[in-house]
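Shown here: upload-v5.cif, mmCIF, C-alpha atoms and all ligand atoms.
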data_work
#
loop_
_atom_site.label_atom_id
_atom_site.label_comp_id
_atom_site.auth_asym_id
_atom_site.auth_seq_id
_atom_site.Cartn_x
_atom_site.Cartn_y
_atom_site.Cartn_z
CA MET C 188 339.98 4.63 18.29
CA GLU C 189 337.78 5.24 21.29
CA GLU C 190 334.09 5.02 20.61
CA SER C 191 333.52 8.61 21.76
CA ALA C 192 336.03 9.84 19.18
CA LEU C 193 333.85 8.33 16.47
CA LYS C 194 330.86 10.31 17.60
CA GLN C 195 330.21 13.64 15.99
CA ALA C 196 330.61 16.52 18.40
CA TRP C 197 327.25 18.10 19.28
CA GLN C 198 326.59 21.43 17.64
CA THR C 199 324.25 24.26 18.55
CA VAL C 200 322.18 26.45 16.24
CA THR C 201 320.35 29.36 17.86
CA VAL C 202 316.94 30.59 16.79
CA ASP C 203 317.28 34.29 17.40
CA LEU C 204 313.99 35.74 18.66
CA GLY C 205 315.03 38.16 21.38
CA ASP C 206 313.94 36.96 24.80
CA ARG C 207 312.30 33.94 23.18
CA SER C 208 315.52 32.73 21.56
CA TYR C 209 316.33 29.06 21.96
CA PRO C 210 319.02 26.52 21.08
CA ILE C 211 318.76 23.59 18.69
CA TYR C 212 321.23 20.91 19.79
CA ILE C 213 322.30 18.64 16.94
CA GLY C 214 324.29 15.43 17.27
CA ASP C 215 324.09 11.67 17.46
CA ASP C 216 323.83 9.02 20.18
CA GLY C 217 322.02 11.52 22.39
CA LEU C 218 319.01 9.56 23.58
CA SER C 219 321.23 6.61 24.46
CA ASP C 220 323.45 8.88 26.55
CA ALA C 221 321.31 9.71 29.59
CA ALA C 222 323.82 12.12 31.13
CA LYS C 223 324.22 14.08 27.89
CA LEU C 224 320.47 14.25 27.30
CA ARG C 225 319.81 15.32 30.87
CA GLN C 226 322.41 18.05 30.57
CA MET C 227 320.54 19.51 27.58
CA LEU C 228 317.06 19.15 29.08
CA GLN C 229 317.73 20.34 32.63
CA PRO C 230 317.89 24.09 31.89
CA CYS C 231 314.47 23.84 30.19
CA ILE C 232 312.69 22.23 33.12
CA ARG C 233 311.69 24.83 35.71
CA GLY C 234 309.89 22.66 38.24
CA GLN C 235 309.66 19.00 39.14
CA GLN C 236 306.90 18.06 36.72
CA VAL C 237 307.45 16.77 33.21
CA ALA C 238 304.92 15.39 30.73
CA VAL C 239 306.35 13.39 27.86
CA MET C 240 304.03 13.41 24.84
CA THR C 241 304.69 10.71 22.27
CA ASN C 242 302.98 8.05 20.15
CA ASP C 243 302.91 4.28 20.50
CA THR C 244 305.53 3.66 17.77
CA VAL C 245 308.09 6.11 19.11
CA ALA C 246 307.39 5.28 22.76
CA SER C 247 308.38 1.68 22.22
CA LEU C 248 311.59 2.72 20.44
CA TYR C 249 312.85 5.62 22.56
CA GLY C 250 310.51 6.08 25.53
CA ASP C 251 312.70 4.20 28.00
CA GLN C 252 315.82 6.13 27.01
CA LEU C 253 314.10 9.45 27.66
CA SER C 254 312.66 8.21 30.97
CA THR C 255 316.15 7.21 32.12
CA ALA C 256 317.45 10.71 31.42
CA LEU C 257 314.54 12.18 33.41
CA GLN C 258 315.09 10.17 36.58
CA GLY C 259 314.40 12.29 39.66
CA TYR C 260 311.63 14.32 37.99
CA SER C 261 307.96 13.52 38.36
CA VAL C 262 307.28 12.22 34.86
CA ASP C 263 303.93 11.37 33.25
CA VAL C 264 303.80 9.93 29.76
CA PHE C 265 300.93 10.64 27.37
CA VAL C 266 300.90 8.17 24.47
CA MET C 267 298.76 9.04 21.46
CA GLN C 268 297.95 6.77 18.55
CA ASP C 269 300.22 6.94 15.53
CA GLY C 270 298.96 8.85 12.49
CA GLU C 271 298.12 12.23 11.00
CA GLN C 272 294.41 11.62 11.74
CA TYR C 273 295.23 11.79 15.45
CA LYS C 274 296.58 15.34 15.14
CA SER C 275 293.06 16.30 16.11
CA LEU C 276 290.97 18.21 18.61
CA GLU C 277 290.01 14.85 20.14
CA THR C 278 293.64 14.03 20.94
CA TYR C 279 294.17 17.61 22.09
CA THR C 280 291.28 17.23 24.55
CA ALA C 281 292.58 13.86 25.72
CA ALA C 282 296.00 15.43 26.34
CA MET C 283 294.42 18.28 28.30
CA ASP C 284 292.35 15.80 30.36
CA PHE C 285 295.55 13.88 31.04
CA LEU C 286 297.44 16.96 32.29
CA MET C 287 294.52 17.99 34.52
CA ALA C 288 294.10 14.48 35.94
CA LYS C 289 297.83 14.27 36.70
CA ARG C 290 297.61 17.74 38.30
CA HIS C 291 300.22 19.46 36.18
CA ASN C 292 300.76 23.10 37.06
CA ARG C 293 302.13 26.12 35.27
CA THR C 294 305.75 25.18 35.85
CA THR C 295 305.38 21.84 34.10
CA CYS C 296 307.44 21.13 31.01
CA LEU C 297 306.01 19.18 28.08
CA ILE C 298 308.46 17.14 26.02
CA ALA C 299 307.44 16.17 22.49
CA LEU C 300 309.12 12.89 21.50
CA GLY C 301 308.25 11.96 17.94
CA GLY C 302 307.69 13.26 14.43
CA GLY C 303 305.87 16.36 13.24
CA VAL C 304 302.47 15.07 14.30
CA VAL C 305 303.51 14.68 17.94
CA GLY C 306 305.50 17.93 17.82
CA ASP C 307 302.69 20.04 16.35
CA LEU C 308 300.12 18.67 18.79
CA THR C 309 302.37 18.98 21.85
CA GLY C 310 303.27 22.54 20.89
CA PHE C 311 299.63 23.52 20.66
CA VAL C 312 298.84 21.86 23.99
CA ALA C 313 301.81 23.72 25.53
CA ALA C 314 300.65 27.02 24.00
CA THR C 315 297.21 26.72 25.57
CA PHE C 316 297.48 24.66 28.77
CA GLN C 317 297.04 27.22 31.56
CA ARG C 318 297.71 29.97 28.98
CA GLY C 319 301.07 28.51 28.06
CA VAL C 320 303.68 26.23 29.63
CA ASP C 321 307.24 25.39 28.60
CA PHE C 322 307.90 22.73 26.04
CA VAL C 323 310.82 20.96 24.43
CA GLN C 324 311.02 19.25 21.06
CA ILE C 325 312.85 15.95 20.60
CA PRO C 326 312.09 15.32 16.91
CA THR C 327 312.61 11.76 15.69
CA THR C 328 311.81 12.00 11.95
CA LEU C 329 314.04 13.77 9.46
CA LEU C 330 311.17 16.06 8.48
CA ALA C 331 310.69 17.08 12.11
CA GLN C 332 314.45 17.51 12.66
CA VAL C 333 314.95 19.85 9.72
CA ASP C 334 311.56 21.52 9.56
CA SER C 335 308.59 21.11 11.87
CA SER C 336 310.36 21.23 15.26
CA VAL C 337 311.93 24.59 14.43
CA GLY C 338 310.04 27.84 14.08
CA GLY C 339 307.12 27.63 16.48
CA LYS C 340 304.21 26.73 14.22
CA THR C 341 301.94 24.47 16.27
CA ALA C 342 298.55 23.10 15.30
CA VAL C 343 295.95 20.41 15.13
CA ASN C 344 293.81 19.59 12.09
CA HIS C 345 290.10 20.32 11.65
CA PRO C 346 287.90 18.18 9.39
CA ALA C 347 287.70 21.26 7.12
CA GLY C 348 291.47 21.57 6.73
CA LYS C 349 294.96 20.74 7.92
CA ASN C 350 296.54 22.88 10.67
CA MET C 351 293.42 25.03 10.91
CA ILE C 352 293.59 25.35 14.70
CA GLY C 353 296.92 26.44 16.09
CA ALA C 354 299.28 29.04 17.44
CA PHE C 355 302.77 30.41 17.00
CA TYR C 356 304.53 29.19 20.12
CA GLN C 357 308.26 28.61 20.45
CA PRO C 358 309.88 25.76 22.41
CA GLN C 359 312.55 26.19 25.10
CA CYS C 360 314.96 24.04 23.13
CA VAL C 361 315.14 21.40 20.42
CA VAL C 362 317.24 18.26 20.80
CA VAL C 363 318.04 16.57 17.48
CA ASP C 364 319.57 13.11 17.82
CA SER C 365 320.20 11.87 14.28
CA THR C 366 320.71 8.32 15.52
CA THR C 367 316.91 8.06 15.86
CA LEU C 368 316.74 8.22 12.04
CA GLN C 369 318.24 4.75 11.79
CA SER C 370 314.86 3.23 12.67
CA LEU C 371 312.84 5.44 10.32
CA PRO C 372 311.05 3.72 7.39
CA ALA C 373 312.78 4.41 4.04
CA ARG C 374 309.92 6.45 2.56
CA GLU C 375 309.71 8.68 5.64
CA TYR C 376 313.45 9.23 5.52
CA ALA C 377 313.44 10.20 1.84
CA ALA C 378 310.46 12.50 2.43
CA GLY C 379 312.53 14.42 4.97
CA LEU C 380 315.35 14.76 2.45
CA ALA C 381 312.96 16.58 0.11
CA GLU C 382 312.77 19.45 2.60
CA VAL C 383 316.58 19.48 2.81
CA VAL C 384 316.78 19.82 -0.98
CA LYS C 385 314.28 22.67 -0.67
CA TYR C 386 316.67 24.58 1.62
CA GLY C 387 319.39 24.20 -1.00
CA VAL C 388 317.14 25.57 -3.72
CA ILE C 389 315.79 28.54 -1.77
CA ALA C 390 318.83 29.59 0.19
CA ASP C 391 322.08 27.76 -0.35
CA ALA C 392 323.56 26.77 -3.72
CA GLU C 393 326.54 25.24 -1.92
CA LEU C 394 324.25 22.95 0.06
CA PHE C 395 322.55 21.93 -3.18
CA ALA C 396 325.88 21.00 -4.77
CA TRP C 397 326.94 19.21 -1.59
CA LEU C 398 323.77 17.10 -1.72
CA GLU C 399 324.54 16.21 -5.34
CA ASP C 400 328.01 15.06 -4.35
CA ASN C 401 326.98 13.14 -1.24
CA GLN C 402 323.90 11.18 -2.28
CA ALA C 403 325.40 7.82 -1.37
CA ALA C 404 326.28 8.93 2.16
CA LEU C 405 322.83 10.41 2.61
CA ASN C 406 321.10 7.29 1.36
CA ALA C 407 323.25 5.28 3.80
CA ARG C 408 322.14 7.61 6.63
CA ASP C 409 325.77 8.34 7.43
CA ALA C 410 326.08 10.22 10.72
CA ALA C 411 328.53 12.86 9.47
CA ALA C 412 326.43 13.56 6.38
CA LEU C 413 323.32 13.86 8.52
CA ALA C 414 325.03 16.19 10.97
CA HIS C 415 325.93 18.47 8.07
CA VAL C 416 322.53 18.60 6.39
CA ILE C 417 320.53 18.87 9.61
CA LYS C 418 322.71 21.71 10.89
CA ARG C 419 322.59 23.62 7.61
CA SER C 420 318.83 23.12 7.28
CA CYS C 421 318.19 24.31 10.84
CA GLU C 422 320.44 27.33 10.28
CA ILE C 423 318.48 28.33 7.19
CA LYS C 424 315.10 27.77 8.81
CA ALA C 425 316.21 29.62 11.96
CA GLN C 426 317.39 32.57 9.89
CA VAL C 427 314.16 32.81 7.91
CA VAL C 428 312.03 32.44 11.06
CA ALA C 429 314.06 35.08 12.91
CA ALA C 430 313.44 37.49 10.03
CA ASP C 431 309.71 36.79 9.77
CA GLU C 432 308.31 34.71 12.62
CA ARG C 433 304.66 35.02 11.63
CA GLU C 434 305.00 34.62 7.87
CA SER C 435 304.02 38.08 6.79
CA GLY C 436 306.71 38.04 4.09
CA ILE C 437 309.99 36.18 3.57
CA ARG C 438 308.99 33.08 5.59
CA ALA C 439 306.76 32.15 2.65
CA ILE C 440 309.83 31.06 0.65
CA LEU C 441 309.87 27.96 2.87
CA ASN C 442 306.83 26.95 0.84
CA PHE C 443 308.83 26.43 -2.37
CA GLY C 444 307.19 23.48 -4.17
CA HIS C 445 304.33 23.48 -1.68
CA THR C 446 301.60 25.20 -3.73
CA PHE C 447 301.91 22.39 -6.28
CA GLY C 448 302.71 19.87 -3.54
CA HIS C 449 299.61 20.53 -1.46
CA ALA C 450 297.46 20.21 -4.58
CA ILE C 451 299.10 16.86 -5.34
CA GLU C 452 298.47 15.65 -1.78
CA ASN C 453 294.88 16.86 -1.90
CA LEU C 454 294.00 15.33 -5.24
CA ALA C 455 295.39 11.92 -4.39
CA GLY C 456 293.71 12.00 -0.97
CA TYR C 457 295.76 12.49 2.16
CA GLY C 458 297.82 9.45 2.97
CA THR C 459 298.58 8.42 -0.63
CA TRP C 460 301.67 10.60 -0.93
CA LEU C 461 303.85 11.45 2.01
CA HIS C 462 304.12 15.23 2.33
CA GLY C 463 307.80 15.25 1.31
CA GLU C 464 307.10 13.08 -1.73
CA ALA C 465 304.43 15.48 -2.96
CA VAL C 466 306.79 18.39 -2.26
CA ALA C 467 309.51 16.68 -4.34
CA VAL C 468 307.21 16.62 -7.38
CA GLY C 469 305.95 20.10 -6.47
CA MET C 470 309.52 21.42 -6.48
CA VAL C 471 310.15 19.98 -9.94
CA MET C 472 306.98 21.75 -11.10
CA ALA C 473 308.01 24.99 -9.39
CA GLY C 474 311.41 24.68 -11.06
CA ARG C 475 309.82 24.24 -14.48
CA PHE C 476 307.49 27.15 -13.76
CA SER C 477 310.52 29.30 -12.93
CA GLU C 478 312.10 28.21 -16.22
CA CYS C 479 308.93 28.94 -18.19
CA LEU C 480 308.88 32.44 -16.68
CA GLN C 481 312.49 32.77 -17.85
CA LEU C 482 313.71 33.31 -14.33
CA LEU C 483 315.68 30.08 -13.93
CA PRO C 484 318.20 29.10 -16.63
CA GLN C 485 317.02 26.13 -18.72
CA GLY C 486 318.39 22.81 -17.54
CA GLN C 487 318.45 23.58 -13.84
CA THR C 488 315.19 21.74 -13.22
CA GLU C 489 316.77 18.69 -14.81
CA ARG C 490 319.53 18.95 -12.19
CA LEU C 491 316.93 19.17 -9.44
CA LYS C 492 315.16 16.13 -10.86
CA GLN C 493 318.38 14.10 -10.94
CA LEU C 494 319.10 14.92 -7.32
CA LEU C 495 315.60 14.07 -6.10
CA ARG C 496 315.67 10.79 -8.05
CA GLY C 497 319.04 9.97 -6.55
CA LEU C 498 317.56 10.48 -3.09
CA GLN C 499 314.76 7.97 -3.87
CA LEU C 500 312.08 10.61 -4.34
CA PRO C 501 309.36 10.79 -7.01
CA VAL C 502 309.63 13.50 -9.70
CA ALA C 503 306.43 13.00 -11.69
CA LEU C 504 302.72 12.84 -11.04
CA GLN C 505 300.82 9.59 -11.04
CA ASP C 506 298.71 8.90 -14.14
CA GLY C 507 295.24 10.33 -14.38
CA VAL C 508 295.72 13.75 -12.81
CA ASP C 509 294.30 16.42 -15.10
CA SER C 510 295.42 20.01 -15.14
CA SER C 511 292.07 21.62 -14.41
CA ALA C 512 291.74 19.50 -11.27
CA MET C 513 295.24 20.55 -10.26
CA LEU C 514 294.40 24.19 -10.80
CA GLN C 515 291.27 23.86 -8.74
CA ALA C 516 293.12 22.03 -5.99
CA MET C 517 295.71 24.83 -5.93
CA GLY C 518 293.03 27.48 -5.68
CA MET C 519 291.84 25.83 -2.53
CA ASP C 520 295.26 26.07 -0.96
CA LYS C 521 294.82 28.24 2.12
CA LYS C 522 298.06 30.00 1.26
CA ALA C 523 296.36 31.55 -1.80
CA MET C 524 295.72 35.19 -0.92
CA ASP C 525 292.67 37.10 -2.18
CA GLY C 526 291.91 34.48 -4.79
CA LYS C 527 295.27 35.15 -6.44
CA LEU C 528 297.65 32.23 -6.35
CA ARG C 529 301.04 32.93 -4.88
CA PHE C 530 304.03 30.95 -6.04
CA ILE C 531 307.55 30.70 -4.81
CA VAL C 532 309.97 30.82 -7.71
CA THR C 533 313.73 30.57 -7.93
CA ASP C 534 315.98 32.80 -10.04
CA GLY C 535 318.81 30.32 -9.59
CA PHE C 536 319.57 27.77 -6.88
CA GLY C 537 320.25 29.58 -3.63
CA THR C 538 317.59 32.25 -4.07
CA ALA C 539 313.80 32.30 -4.01
CA ARG C 540 311.01 34.84 -3.88
CA VAL C 541 307.25 35.07 -3.80
CA ILE C 542 305.33 36.12 -6.90
CA ASP C 543 301.61 36.67 -7.34
CA ASP C 544 301.71 38.37 -10.72
CA TYR C 545 302.70 36.02 -13.54
CA ASP C 546 301.82 34.81 -16.98
CA ARG C 547 298.86 32.42 -16.65
CA GLN C 548 299.95 30.70 -19.83
CA ALA C 549 303.25 29.72 -18.27
CA LEU C 550 301.33 28.08 -15.46
CA GLN C 551 299.04 26.30 -17.92
CA ALA C 552 302.08 25.10 -19.85
CA VAL C 553 303.65 23.60 -16.74
CA LEU C 554 300.42 21.89 -15.75
CA ALA C 555 300.01 20.52 -19.27
CA GLU C 556 303.57 19.17 -19.16
CA PHE C 557 303.05 17.27 -15.91
CA CYS C 558 299.43 16.18 -16.10
N1 LIG C 601 305.12 23.00 12.45
C1 LIG C 601 305.67 23.09 11.27
O1 LIG C 601 306.31 24.08 10.92
C2 LIG C 601 305.51 21.95 10.31
C3 LIG C 601 306.29 21.91 9.15
C4 LIG C 601 306.18 20.79 8.33
C5 LIG C 601 305.29 19.77 8.66
N2 LIG C 601 304.54 19.86 9.78
C6 LIG C 601 303.62 18.79 10.18
O2 LIG C 601 304.38 17.62 10.47
C7 LIG C 601 303.57 16.48 10.29
C8 LIG C 601 304.35 15.44 9.55
O3 LIG C 601 305.48 15.08 10.33
P1 LIG C 601 306.29 13.74 10.06
O4 LIG C 601 306.61 13.65 8.63
O5 LIG C 601 307.38 13.70 11.05
O6 LIG C 601 305.20 12.61 10.31
P2 LIG C 601 304.82 11.74 11.60
O7 LIG C 601 304.95 12.51 12.83
O8 LIG C 601 303.51 11.13 11.28
O9 LIG C 601 305.93 10.59 11.58
C9 LIG C 601 305.99 9.71 10.48
C10 LIG C 601 305.98 8.25 10.95
O10 LIG C 601 307.26 7.91 11.49
C11 LIG C 601 307.10 7.32 12.77
N3 LIG C 601 308.31 7.62 13.50
C12 LIG C 601 308.68 8.78 14.06
N4 LIG C 601 309.95 8.71 14.47
C13 LIG C 601 310.40 7.48 14.17
C14 LIG C 601 311.64 6.83 14.33
N5 LIG C 601 312.70 7.46 14.83
N6 LIG C 601 311.75 5.55 13.94
C15 LIG C 601 310.68 4.90 13.37
N7 LIG C 601 309.49 5.49 13.17
C16 LIG C 601 309.37 6.76 13.57
C17 LIG C 601 305.85 7.95 13.29
O11 LIG C 601 305.29 7.17 14.34
C18 LIG C 601 304.98 7.96 12.04
O12 LIG C 601 304.41 6.70 11.81
C19 LIG C 601 302.33 16.95 9.55
O13 LIG C 601 301.24 16.96 10.44
C20 LIG C 601 302.67 18.36 9.11
O14 LIG C 601 301.54 19.20 9.06
C21 LIG C 601 304.65 20.93 10.61
ZN ZN C 602 306.90 20.84 3.75
#

How would this structure read if it were set down as structure tokens?
Amino acid sequence: MEESALKQAWQTVTVDLGDRSYPIYIGDDGLSDAAKLRQMLQPCIRGQQVAVMTNDTVASLYGDQLSTALQGYSVDVFVMQDGEQYKSLETYTAAMDFLMAKRHNRTTCLIALGGGVVGDLTGFVAATFQRGVDFVQIPTTLLAQVDSSVGGKTAVNHPAGKNMIGAFYQPQCVVVDSTTLQSLPAREYAAGLAEVVKYGVIADAELFAWLEDNQAALNARDAAALAHVIKRSCEIKAQVVAADERESGIRAILNFGHTFGHAIENLAGYGTWLHGEAVAVGMVMAGRFSECLQLLPQGQTERLKQLLRGLQLPVALQDGVDSSAMLQAMGMDKKAMDGKLRFIVTDGFGTARVIDDYDRQALQAVLAEFC
């Protein structure tokens, strides 16, 4: 069989936002195929200038491939240090200084090559450089491919809180090459799968069952399995974002497991848990909470737990977390409105909704069970 026949055909998911609609291209062996990559990027680049924004880890892996595809353009490469702590105003300023020094103008196109940290920072730079320039996302982590690169939330962190400075700003296109996931560390890969499981729980019972049946292929990072889950995840996120771009309502269901998850991340100190790992445990807690409120049939959380375990994700808290600390950490979640905690619950896999009126004792019971 010819090599090209083995490749998955590239697929397109559209994020439907009127005149700000954009395509997400999903496939494999894209960065290594300069002609293919160029074909996808070209319509997004209005002028001659391009600024690639990446970090040192990703630059050494994929920087040359992207540069090859951009031959003929005037390309400058901004390389930030690797790590969540560099999603900061300092790096933002350095990126701005870089664009000014290299004399980028309003027709420049910024290309984010990396995970969610690079994507969020680049998006915010693009939103604000000369009141907004075009940008493209080339996400290279699974979390970025199924979540952060889609939907237009951009931000940097402030010492007082994560993502406190940012903007809603949509890219011109997103190019998802699943082959980049082959170099991703195992924990980072599994953390991305947690968000995929989330999409199954909140919006697609079939996807959930498919994940249960295809754990081995997913753990092996099989290209066809990845194509399926990335496409389905992007479709669900695109649909939710199209319905509620600025999270005034339904978009909040994307936070299933996150009220608990953020508290878990906070309590352990950022960097102990990967976001997706904390969300995995948070989803188990949100599942139990839904059961305790008699919304979700008993036993479904056990199913969720089995799946997460099978995908190499944690399902329980570390020792020593007490429930009052958890409660306090949840109260500090910026997604809590008017002092009332909002939770996303599921009435059965494939559906989710926001609640802010619930039995406090059910919450206490769940916390007591996990802490
Ligand atoms: N904008 C949104 O809607 C949204 C949604 C979810 C999360 N986020 C943000 O995303 C960030 C987390 O993103 P992340 O999980 O991608 O983390 P990340 O960007 O820090 O990437 C994780 C690690 O993987 C490395 N890496 C990236 N691609 C690689 C590859 N192909 N091979 C080997 N290593 C690679 C990175 O250098 C880094 O060390 C957080 O800042 C979070 O706030 C944003
Ligand atoms: Zn998340």

Check your understanding: Pick the closest to ligand LIG 601 (chain C) from C:Lys349, C:Lys385, C:His291, C:Arg529: which is it, counting all atoms listed in the file?
Key -> C:Lys349

For chain C against ligand LIG 601 (chain C), with a cut-off of 6 Å and counting all atoms listed in the file, what is the closest atom pair and its distance in Å to one decimal for every residue that makes the cut, ordered by chain and number, as CSV?
residue,atom,partner,partner_atom,distance
C:Thr244,CA,C:LIG601,O11,4.9
C:Val245,CA,C:LIG601,C13,5.6
C:Asp269,CA,C:LIG601,O11,5.2
C:Gly270,CA,C:LIG601,O8,5.2
C:Glu271,CA,C:LIG601,O8,5.5
C:Gly301,CA,C:LIG601,C12,5.0
C:Gly302,CA,C:LIG601,O7,3.3
C:Gly303,CA,C:LIG601,O3,3.2
C:Val304,CA,C:LIG601,O7,3.9
C:Val305,CA,C:LIG601,O7,5.7
C:Asp307,CA,C:LIG601,N1,5.5
C:Thr327,CA,C:LIG601,N4,4.2
C:Thr328,CA,C:LIG601,N4,4.5
C:Leu330,CA,C:LIG601,O5,5.2
C:Ala331,CA,C:LIG601,O5,4.8
C:Asp334,CA,C:LIG601,C3,5.3
C:Ser335,CA,C:LIG601,C2,3.6
C:Lys340,CA,C:LIG601,N1,4.2
C:Thr341,CA,C:LIG601,N1,5.2
C:Thr367,CA,C:LIG601,N5,4.4
C:Leu368,CA,C:LIG601,N5,5.0
C:Ser370,CA,C:LIG601,N6,4.1
C:Leu371,CA,C:LIG601,C15,3.8

Check your understanding: Could you work out how far CA of Thr241 in chain C lies from CA of Ala299 in chain C, giving the answer in Å with one decimal?
Key ->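 Computing the Euclidean distance for CA of Ala299 in chain C and CA of Thr241 in chain C yields 6.1 Å.
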
Point to revise | Selection: 9 Å around Thr366 in chain C, all atoms listed in the file, excl. self and same-chain fewer than 5 positions, as a ChimeraX atom specification | key: /C:214-218,327,410

Review point. What is the CA of Asn344 in chain C-CA of Leu253 in chain C distance in Å, reported with one decimal?
Key: 27.5 Å

Give me, as a PDB file with C-alpha atoms, in the frame of the given file, all polymer residues having an atom no more than 12 Å from Gln485 in chain C, counting only C-alpha atoms and skipping those fewer than 4 positions away in the same chain.
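Dumped everything to around31.pdb:
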ATOM      1  CA  GLY C 474     311.410  24.680 -11.060  1.00  0.00           C
ATOM      2  CA  ARG C 475     309.820  24.240 -14.480  1.00  0.00           C
ATOM      3  CA  PHE C 476     307.490  27.150 -13.760  1.00  0.00           C
ATOM      4  CA  SER C 477     310.520  29.300 -12.930  1.00  0.00           C
ATOM      5  CA  GLU C 478     312.100  28.210 -16.220  1.00  0.00           C
ATOM      6  CA  CYS C 479     308.930  28.940 -18.190  1.00  0.00           C
ATOM      7  CA  LEU C 480     308.880  32.440 -16.680  1.00  0.00           C
ATOM      8  CA  GLN C 481     312.490  32.770 -17.850  1.00  0.00           C
ATOM      9  CA  GLU C 489     316.770  18.690 -14.810  1.00  0.00           C
ATOM     10  CA  ARG C 490     319.530  18.950 -12.190  1.00  0.00           C
ATOM     11  CA  LEU C 491     316.930  19.170  -9.440  1.00  0.00           C
ATOM     12  CA  ASP C 534     315.980  32.800 -10.040  1.00  0.00           C
ATOM     13  CA  GLY C 535     318.810  30.320  -9.590  1.00  0.00           C
TER      14      GLY C 535
END

Check your understanding: Interatomic distance between CA of Cys421 in chain C and CA of Asp263 in chain C?
Key -> 29.5 Å

Review point. Once you count only C-alpha atoms, which residues end up no further than 10 Å from (325.6, 16.1, -7.3) in the file's frame, shown as number ranges by chain?
Key: C: 395-402, 490-491, 493-494, 497

Exercise for review: Return as number ranges by chain every polymer residue, whether protein, DNA or RNA, with at least one atom no more than 8 Å from an atom of ligand ZN 602 (chain C); count all atoms listed in the file.
Suggested key: C: 330, 334, 382, 441-442, 445, 462-463, 466

Exercise for review: Pick out the closest residue to Ile451 in chain C from this set: C:His415, C:Arg496, C:Ser510, C:Thr199. Count all atoms listed in the file.
Suggested key: C:Ser510

Practice item. Excluding Thr315 in chain C and residues on its chain fewer than 2 positions from it, collect all residues at most 12 Å away from it, counting all atoms listed in the file, and give them as a list in words. Key: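 Once the adjacent positions are removed, what remains is Tyr279, Thr280, Ala282, Met283, Leu286, Arg293, Leu297, Leu308, Thr309, Gly310, Phe311, Val312, Ala313, Gln317, Arg318, Gly319, Val320, Asp321, Phe322, Thr341, Ala342, Ile352, Gly353, Ala354, Phe355 and Tyr356 of chain C.
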
Residues just named, written with C-alpha atoms as a compact mmCIF listing (two decimals), in the coordinates of the input:
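selection-v3.txt written:
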# COMPACT_ATOMS: atom_id res chain seq x y z
CA TYR C 279 294.17 17.61 22.09
CA THR C 280 291.28 17.23 24.55
CA ALA C 282 296.00 15.43 26.34
CA MET C 283 294.42 18.28 28.30
CA LEU C 286 297.44 16.96 32.29
CA ARG C 293 302.13 26.12 35.27
CA LEU C 297 306.01 19.18 28.08
CA LEU C 308 300.12 18.67 18.79
CA THR C 309 302.37 18.98 21.85
CA GLY C 310 303.27 22.54 20.89
CA PHE C 311 299.63 23.52 20.66
CA VAL C 312 298.84 21.86 23.99
CA ALA C 313 301.81 23.72 25.53
CA GLN C 317 297.04 27.22 31.56
CA ARG C 318 297.71 29.97 28.98
CA GLY C 319 301.07 28.51 28.06
CA VAL C 320 303.68 26.23 29.63
CA ASP C 321 307.24 25.39 28.60
CA PHE C 322 307.90 22.73 26.04
CA THR C 341 301.94 24.47 16.27
CA ALA C 342 298.55 23.10 15.30
CA ILE C 352 293.59 25.35 14.70
CA GLY C 353 296.92 26.44 16.09
CA ALA C 354 299.28 29.04 17.44
CA PHE C 355 302.77 30.41 17.00
CA TYR C 356 304.53 29.19 20.12

Point to revise | Distance query Thr278 in chain C at most 10 Å, only C-alpha atoms, self and fewer than 6 positions along chain excluded, as a ChimeraX atom specification | key: /C:266-268,272,284,308,312,343

Point to revise | Residues within 10 Å of (304.5, 10.8, 1.8), file coords, all atoms listed in the file, listed as a PyMOL selection string | key: chain C and resi 374-379+452+457-467+500

Practice item. Considering all atoms listed in the file, return as a PyMOL selection string whatever protein or nucleic-acid residues lie within 12 Å of Gly436 in chain C, sequence-local ones (same chain, fewer than 2 positions apart) excluded. Key: chain C and resi 427-434+438-442+529+531+540-542

Write the residues of the selection above to a file with C-alpha atoms, as a PDB file, keeping the file's coordinate frame.
ATOM      1  CA  VAL C 427     314.160  32.810   7.910  1.00  0.00           C
ATOM      2  CA  VAL C 428     312.030  32.440  11.060  1.00  0.00           C
ATOM      3  CA  ALA C 429     314.060  35.080  12.910  1.00  0.00           C
ATOM      4  CA  ALA C 430     313.440  37.490  10.030  1.00  0.00           C
ATOM      5  CA  ASP C 431     309.710  36.790   9.770  1.00  0.00           C
ATOM      6  CA  GLU C 432     308.310  34.710  12.620  1.00  0.00           C
ATOM      7  CA  ARG C 433     304.660  35.020  11.630  1.00  0.00           C
ATOM      8  CA  GLU C 434     305.000  34.620   7.870  1.00  0.00           C
ATOM      9  CA  ARG C 438     308.990  33.080   5.590  1.00  0.00           C
ATOM     10  CA  ALA C 439     306.760  32.150   2.650  1.00  0.00           C
ATOM     11  CA  ILE C 440     309.830  31.060   0.650  1.00  0.00           C
ATOM     12  CA  LEU C 441     309.870  27.960   2.870  1.00  0.00           C
ATOM     13  CA  ASN C 442     306.830  26.950   0.840  1.00  0.00           C
ATOM     14  CA  ARG C 529     301.040  32.930  -4.880  1.00  0.00           C
ATOM     15  CA  ILE C 531     307.550  30.700  -4.810  1.00  0.00           C
ATOM     16  CA  ARG C 540     311.010  34.840  -3.880  1.00  0.00           C
ATOM     17  CA  VAL C 541     307.250  35.070  -3.800  1.00  0.00           C
ATOM     18  CA  ILE C 542     305.330  36.120  -6.900  1.00  0.00           C
TER      19      ILE C 542
END
